[in-house]
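Here the structure comes first, spelled out in structure tokens, and everything after it is commentary.
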Amino acid sequence: MNRLRLSGQIAAVAVVISLLGLLAWKLAQGESVVTSQLKRGGTPTAPVFSLDRLDGAGELALSSLRGKTVVLNFWASYCGPCKEETPLLQEAWTSWRDKGVVFVGVDLQDVRSDARAFMRRYDVTYPNVHDGTGWTIGRYGVTGYPETYFIDARGRVRYRIVGAVRTRHELDDAIERARRPA
């Protein structure tokens, strides 16, 4: 019992330290090009990445998805709102995947085994990658978990939802915005 309690306390401290580090880093960096252009009504180019897959072997490069609409969701296994929105994302993925829309989860600053357990728990079948260092956070302007970016077929960020996606209507609306010609 003491060992379990100690493990829980260590995990809680690690989460707090990670979040404080993210906050400090974010304050030092200021806004990203993506978020500042989106605020002005622009459609910035989505920063590319190539990260290790959580759902299989190898890497997934964002550039390999050019020509498709991409729903890019930043999350972590210890994030409460991420747990709430994941079933909704999975449901939408099954509806949209045959229509040229790809969902990609980016697990941030997390333990791989915890991220994989999260994916099993919520039956996540859309592609997921692991960014253990949080390298993509600043490039996209992620301010917290979860955050979802909607990228059009040309690789331009068209919309962003800060915080959990709350309804299927909100998610479908954002996907439609990204699918519309610019």
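Letters A, B, ... mark the chains of the structure tokens in the order given; residue numbers begin at 1 per chain; ligand numbers begin at 1, in order shown.
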
Enumerate the residues of chain A with a DSSP assignment of strand (DSSP E or B), computed from the backbone, and present them as a VMD selection string. chain A and resid 45 50 to 53 59 to 61 69 to 75 101 to 108 128 to 131 147 to 151 156 to 162

Long-range neighbours of stretch 35-42 of chain A as a PyMOL selection string, 12 Å cut-off, only C-alpha atoms, 5 positions minimum in chain: chain A and resi 30+47+137-143+147+149-151+156-162+182

Quick one, how far is atom CA of A:Val101 from atom CA of A:Thr167?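 Between atom CA of A:Val101 and atom CA of A:Thr167 the gap is 18.0 Å.
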
Using only C-alpha atoms, which residue out of A:Glu85, A:Asp98, A:Met1, A:Pro44 lies closest to A:Ser32?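 Of all the options, A:Pro44 lies closest to A:Ser32.
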
Between atom CA of A:Ala61 and atom CA of A:Gly132, what is the distance in Å, rounded to a tenth?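 Atom CA of A:Ala61 sits 15.9 Å away from atom CA of A:Gly132.
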
For A:Val106: contacts at 10 Å, only C-alpha atoms, fewer than 6 positions along chain excluded, given as a ChimeraX atom specification: /A:51-54,72-76,127-132,134,136-137,146-148

Please return as a PyMOL selection string: the residues of stretch 1-121 of chain A that backbone DSSP assigns to alpha helix (DSSP H). chain A and resi 2-29+33-39+80-96+112-121

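In this model, the gap between atom CA of A:Ser95 and atom CA of A:Thr43 comes to 25.6 Å.
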
Using only C-alpha atoms, can you tell me which of A:Trp93, A:Tyr78, A:Tyr145, A:Tyr126 comes closest to A:Arg112?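 Smallest separation from A:Arg112 among the options: A:Tyr78.
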